[in-house]
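S.K.: Got a structure here, written out as structure tokens. Questions coming.
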Amino acid sequence: MSSAPAALVDAFGRAHRDLRISLTDRCSLRCTYCMPADGVPWLPGPDMLGTDELVRLARVAVTLGVTEIRLTGGEPLLRPDVVDVVRRLAALEGPTGRPEISMTTNALRLPGLAHELKDGGLVRVNISLDTLDRETFRRLTRRDRLDGTLAGIEAAAAAGFDPVKLNAVAMRGVNDHEVVDLVRFAVAHGYEMRFIEQMPLDPGHTWDRVQMVGQDEILDRLRAAFRLTPVGDRGAAPAERWLVDDGPATVGVIASVSAPFCGSCDRLRLTADGQLRSCLFARAETDVRTLVREGADDDALAAAFRACVAGKKAGHGIGEPGFVQPDRPMSAIGG
């Protein structure tokens, strides 16, 4: 770039340092809260960002002050060159050094990839584990692969990832009765359990706030079994955390709906087809794929990042009059 770029600060004073990059919209599971039983039409191959394109956009973001890159999907481990992607992103240099590279995954491919990913520069993994019951797992994901997920979790720990974070979407009548068992499992194995309120990102657009299992209900269930002590200021992190029985184990809750943290949000998202999104619930996208393919220089790409951030709203608007769920399902946005 011709000069030192300005930081990615929006109209509300929020500096953006976290970029979520979706490596693919494809997934090996069919979770009911993410996609319909028969899946969704996959993005055509030519629409997907190539690795050089993806790394170039990430490099621009890092020069603009991004310090953490989270790889998402779909299922990011389905990208054939995922280890190379991690290695190249981990080698980027920004004003304050190299970015921290993390990943959200269903863990099914971790037994064969965990060590390579760790050696390539992946720092942390967040693994989806909504249930410990095999039949519930099969109904929820429409795949009988609980054993594979558990093997992937073990592989992550064996490769040296610390902490291994486990994410569960709390769903009424599905797994809400398992929150205590999930925490006990995590504590026993040295993992960190986090519960996520279900958000209006389901493919059928049938989300109902009345049926949502909220943070207060999750905590009530946990307090019946554990002594919970607030950890303190979470900064820009999405999860509020509590010590479990005086620690060192912790449990977190991401209460995007009942206790939104939009005021401290520092995240941008880049979809697998090269669209920048300032919010998970954004209705508008910034097309950086076309800019890259039409020969735009880095200054023009930086301007696109700034324009996306400049258009970010104060909050996601869930529960407000006029809120409309985004057209893309979660699998196509990236978590």
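By convention here, the chains of the structure tokens are called A, B, ... in the order presented, each chain's residues are numbered starting at 1, and ligands are numbered starting at 1 in the order presented.
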Do you know which residues are at most 12 Å from Gly13 in chain A counting only C-alpha atoms, after dropping those on the same chain fewer than 6 positions away, and could you put them as a VMD selection string?

M.R.: chain A and resid 7 262 to 266 309 to 310 312 to 314

S.K.: For the residues in the current selection, export N, CA and C atoms as a PDB file, in the first residue's frame.

M.R.:
ATOM      1  N   ALA A   7      -7.241   2.584  10.792  1.00  0.00           N
ATOM      2  CA  ALA A   7      -7.866   1.424  11.416  1.00  0.00           C
ATOM      3  C   ALA A   7      -9.321   1.315  10.969  1.00  0.00           C
ATOM      4  N   CYS A 262     -23.552  -6.133  20.953  1.00  0.00           N
ATOM      5  CA  CYS A 262     -23.250  -5.396  19.727  1.00  0.00           C
ATOM      6  C   CYS A 262     -22.367  -4.178  19.995  1.00  0.00           C
ATOM      7  N   GLY A 263     -22.518  -3.573  21.173  1.00  0.00           N
ATOM      8  CA  GLY A 263     -21.774  -2.365  21.477  1.00  0.00           C
ATOM      9  C   GLY A 263     -20.271  -2.552  21.501  1.00  0.00           C
ATOM     10  N   SER A 264     -19.812  -3.791  21.681  1.00  0.00           N
ATOM     11  CA  SER A 264     -18.371  -4.056  21.700  1.00  0.00           C
ATOM     12  C   SER A 264     -17.949  -4.960  20.537  1.00  0.00           C
ATOM     13  N   CYS A 265     -18.822  -5.163  19.578  1.00  0.00           N
ATOM     14  CA  CYS A 265     -18.525  -6.080  18.472  1.00  0.00           C
ATOM     15  C   CYS A 265     -17.346  -5.563  17.648  1.00  0.00           C
ATOM     16  N   ASP A 266     -16.386  -6.443  17.376  1.00  0.00           N
ATOM     17  CA  ASP A 266     -15.224  -6.049  16.579  1.00  0.00           C
ATOM     18  C   ASP A 266     -15.039  -6.976  15.376  1.00  0.00           C
ATOM     19  N   VAL A 309     -17.300  -1.364   6.886  1.00  0.00           N
ATOM     20  CA  VAL A 309     -17.339  -1.026   8.302  1.00  0.00           C
ATOM     21  C   VAL A 309     -18.152   0.246   8.539  1.00  0.00           C
ATOM     22  N   ALA A 310     -18.006   1.213   7.646  1.00  0.00           N
ATOM     23  CA  ALA A 310     -18.727   2.481   7.803  1.00  0.00           C
ATOM     24  C   ALA A 310     -20.234   2.289   7.775  1.00  0.00           C
ATOM     25  N   LYS A 312     -21.880  -0.249   9.030  1.00  0.00           N
ATOM     26  CA  LYS A 312     -22.329  -1.142  10.097  1.00  0.00           C
ATOM     27  C   LYS A 312     -23.325  -0.426  11.003  1.00  0.00           C
ATOM     28  N   LYS A 313     -24.396  -1.112  11.345  1.00  0.00           N
ATOM     29  CA  LYS A 313     -25.419  -0.536  12.219  1.00  0.00           C
ATOM     30  C   LYS A 313     -25.019  -0.690  13.682  1.00  0.00           C
ATOM     31  N   ALA A 314     -25.736   0.006  14.540  1.00  0.00           N
ATOM     32  CA  ALA A 314     -25.422  -0.033  15.970  1.00  0.00           C
ATOM     33  C   ALA A 314     -25.629  -1.422  16.561  1.00  0.00           C
TER      34      ALA A 314
END

S.K.: Leaving out Gly274 in chain A and any residue of its chain fewer than 2 positions from it, which residues lie within 12 Å of it when counting only C-alpha atoms, given as a PyMOL selection string?

M.R.: chain A and resi 20-25+43+46-51+53-58+269-272+276-277+285-293+301+304-305+332-334

S.K.: So that I can check the surroundings of range 144-156 of chain A, please list as a PyMOL selection string every protein, DNA and RNA residue that reaches within 12 Å of it, counting only C-alpha atoms and ignoring chain neighbours fewer than 3 positions away.

M.R.: chain A and resi 28-31+77+103-118+122-141+159-167+185-186+189-192

S.K.: Can you tell me which residues surround range 214-217 of chain A at a distance of at most 7 Å, considering only C-alpha atoms, apart from same-chain residues fewer than 2 positions away, and format the answer as a ChimeraX atom specification?

M.R.: /A:197,212,219-221,253,255,258

S.K.: With N, CA and C atoms retained, could you export that selection as a compact mmCIF listing (two decimals), in the first residue's frame?

M.R.:
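Output file out.txt follows:
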# COMPACT_ATOMS: atom_id res chain seq x y z
N GLU A 197 -27.18 -19.13 22.45
CA GLU A 197 -28.61 -18.96 22.21
C GLU A 197 -28.90 -19.15 20.72
N MET A 212 -37.01 -19.97 22.40
CA MET A 212 -35.56 -19.95 22.55
C MET A 212 -35.17 -20.22 24.01
N LEU A 219 -28.35 -20.63 32.78
CA LEU A 219 -27.65 -20.43 34.06
C LEU A 219 -28.42 -21.03 35.23
N ASP A 220 -29.74 -20.92 35.20
CA ASP A 220 -30.54 -21.53 36.27
C ASP A 220 -30.29 -23.03 36.34
N ARG A 221 -30.25 -23.68 35.19
CA ARG A 221 -30.00 -25.12 35.16
C ARG A 221 -28.60 -25.43 35.70
N VAL A 253 -21.51 -18.44 28.05
CA VAL A 253 -22.79 -18.32 27.35
C VAL A 253 -22.69 -17.17 26.35
N ALA A 255 -24.96 -14.97 24.56
CA ALA A 255 -26.37 -14.57 24.62
C ALA A 255 -26.65 -13.48 23.59
N SER A 258 -30.72 -12.44 24.04
CA SER A 258 -31.24 -11.91 25.30
C SER A 258 -30.33 -10.88 25.94

S.K.: What does the distance between CA of Ile69 in chain A and CA of Trp242 in chain A come to in Å, to one decimal place?

M.R.: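 Going from CA of Ile69 in chain A over to CA of Trp242 in chain A covers 25.1 Å.
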
S.K.: Please report the interatomic distance between CA of Cys308 in chain A and CA of Leu268 in chain A in Å with one decimal.

M.R.: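 Taking CA of Cys308 in chain A as the start and CA of Leu268 in chain A as the end point, the length is 8.7 Å.
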
S.K.: Taking the DSSP assignment computed from this structure's backbone, write out as a PyMOL selection string all residues of range 18-191 of chain A that belong to helix (DSSP H, G or I).

M.R.: chain A and resi 45-47+51-63+76-78+82-90+110-120+134-141+146-158+176-189

S.K.: Determine which residues of range 69-291 of chain A DSSP labels as strand (DSSP E) from the backbone of this structure, then write them out as a ChimeraX atom specification.

M.R.: /A:69-72,100-105,122-128,164-170,192-197,228-230,240-244,250-254,267-270,275-277,286-287

S.K.: Excluding Arg59 in chain A and residues on its chain fewer than 3 positions from it, collect all residues at most 10 Å away from it, counting only C-alpha atoms, and give them as a PDB file with N, CA and C atoms, in the first residue's frame.

M.R.:
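And here's out_13.pdb as it stands now:
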ATOM      1  N   GLU A  53      -6.691 -15.450  -3.738  1.00  0.00           N
ATOM      2  CA  GLU A  53      -7.622 -14.343  -3.529  1.00  0.00           C
ATOM      3  C   GLU A  53      -7.950 -14.181  -2.052  1.00  0.00           C
ATOM      4  N   LEU A  54      -8.226 -15.291  -1.407  1.00  0.00           N
ATOM      5  CA  LEU A  54      -8.574 -15.262   0.013  1.00  0.00           C
ATOM      6  C   LEU A  54      -7.420 -14.702   0.844  1.00  0.00           C
ATOM      7  N   VAL A  55      -6.216 -15.190   0.574  1.00  0.00           N
ATOM      8  CA  VAL A  55      -5.055 -14.737   1.350  1.00  0.00           C
ATOM      9  C   VAL A  55      -4.781 -13.262   1.085  1.00  0.00           C
ATOM     10  N   ARG A  56      -4.966 -12.818  -0.155  1.00  0.00           N
ATOM     11  CA  ARG A  56      -4.742 -11.399  -0.448  1.00  0.00           C
ATOM     12  C   ARG A  56      -5.717 -10.521   0.333  1.00  0.00           C
ATOM     13  N   VAL A  62      -5.385  -7.504   7.543  1.00  0.00           N
ATOM     14  CA  VAL A  62      -4.375  -7.487   8.596  1.00  0.00           C
ATOM     15  C   VAL A  62      -3.638  -6.147   8.598  1.00  0.00           C
ATOM     16  N   THR A  63      -3.342  -5.598   7.423  1.00  0.00           N
ATOM     17  CA  THR A  63      -2.688  -4.286   7.391  1.00  0.00           C
ATOM     18  C   THR A  63      -3.602  -3.197   7.938  1.00  0.00           C
ATOM     19  N   LEU A  64      -4.913  -3.460   7.943  1.00  0.00           N
ATOM     20  CA  LEU A  64      -5.883  -2.499   8.470  1.00  0.00           C
ATOM     21  C   LEU A  64      -6.159  -2.694   9.961  1.00  0.00           C
ATOM     22  N   VAL A  66      -6.600  -5.907  11.620  1.00  0.00           N
ATOM     23  CA  VAL A  66      -7.176  -7.188  12.046  1.00  0.00           C
ATOM     24  C   VAL A  66      -6.090  -8.031  12.707  1.00  0.00           C
ATOM     25  N   ARG A  88      -0.474 -20.074   5.355  1.00  0.00           N
ATOM     26  CA  ARG A  88      -0.269 -18.786   4.689  1.00  0.00           C
ATOM     27  C   ARG A  88      -0.873 -17.634   5.493  1.00  0.00           C
ATOM     28  N   LEU A  89      -2.015 -17.865   6.115  1.00  0.00           N
ATOM     29  CA  LEU A  89      -2.616 -16.806   6.916  1.00  0.00           C
ATOM     30  C   LEU A  89      -1.787 -16.535   8.178  1.00  0.00           C
ATOM     31  N   ALA A  91       1.276 -16.636   8.493  1.00  0.00           N
ATOM     32  CA  ALA A  91       2.529 -15.957   8.148  1.00  0.00           C
ATOM     33  C   ALA A  91       2.337 -14.487   7.807  1.00  0.00           C
ATOM     34  N   LEU A  92       1.102 -14.003   7.766  1.00  0.00           N
ATOM     35  CA  LEU A  92       0.858 -12.601   7.443  1.00  0.00           C
ATOM     36  C   LEU A  92       1.418 -11.703   8.539  1.00  0.00           C
ATOM     37  N   GLU A  93       1.775 -10.493   8.156  1.00  0.00           N
ATOM     38  CA  GLU A  93       2.325  -9.538   9.116  1.00  0.00           C
ATOM     39  C   GLU A  93       1.500  -8.263   9.102  1.00  0.00           C
ATOM     40  N   GLY A  94       1.091  -7.812  10.280  1.00  0.00           N
ATOM     41  CA  GLY A  94       0.353  -6.565  10.416  1.00  0.00           C
ATOM     42  C   GLY A  94       1.117  -5.575  11.266  1.00  0.00           C
ATOM     43  N   PRO A  99      -1.307 -12.327  12.809  1.00  0.00           N
ATOM     44  CA  PRO A  99      -2.637 -12.548  13.374  1.00  0.00           C
ATOM     45  C   PRO A  99      -2.746 -13.911  14.044  1.00  0.00           C
ATOM     46  N   ASP A 298      -4.471  -2.758  -3.830  1.00  0.00           N
ATOM     47  CA  ASP A 298      -4.723  -2.926  -2.399  1.00  0.00           C
ATOM     48  C   ASP A 298      -5.411  -1.706  -1.789  1.00  0.00           C
TER      49      ASP A 298
END
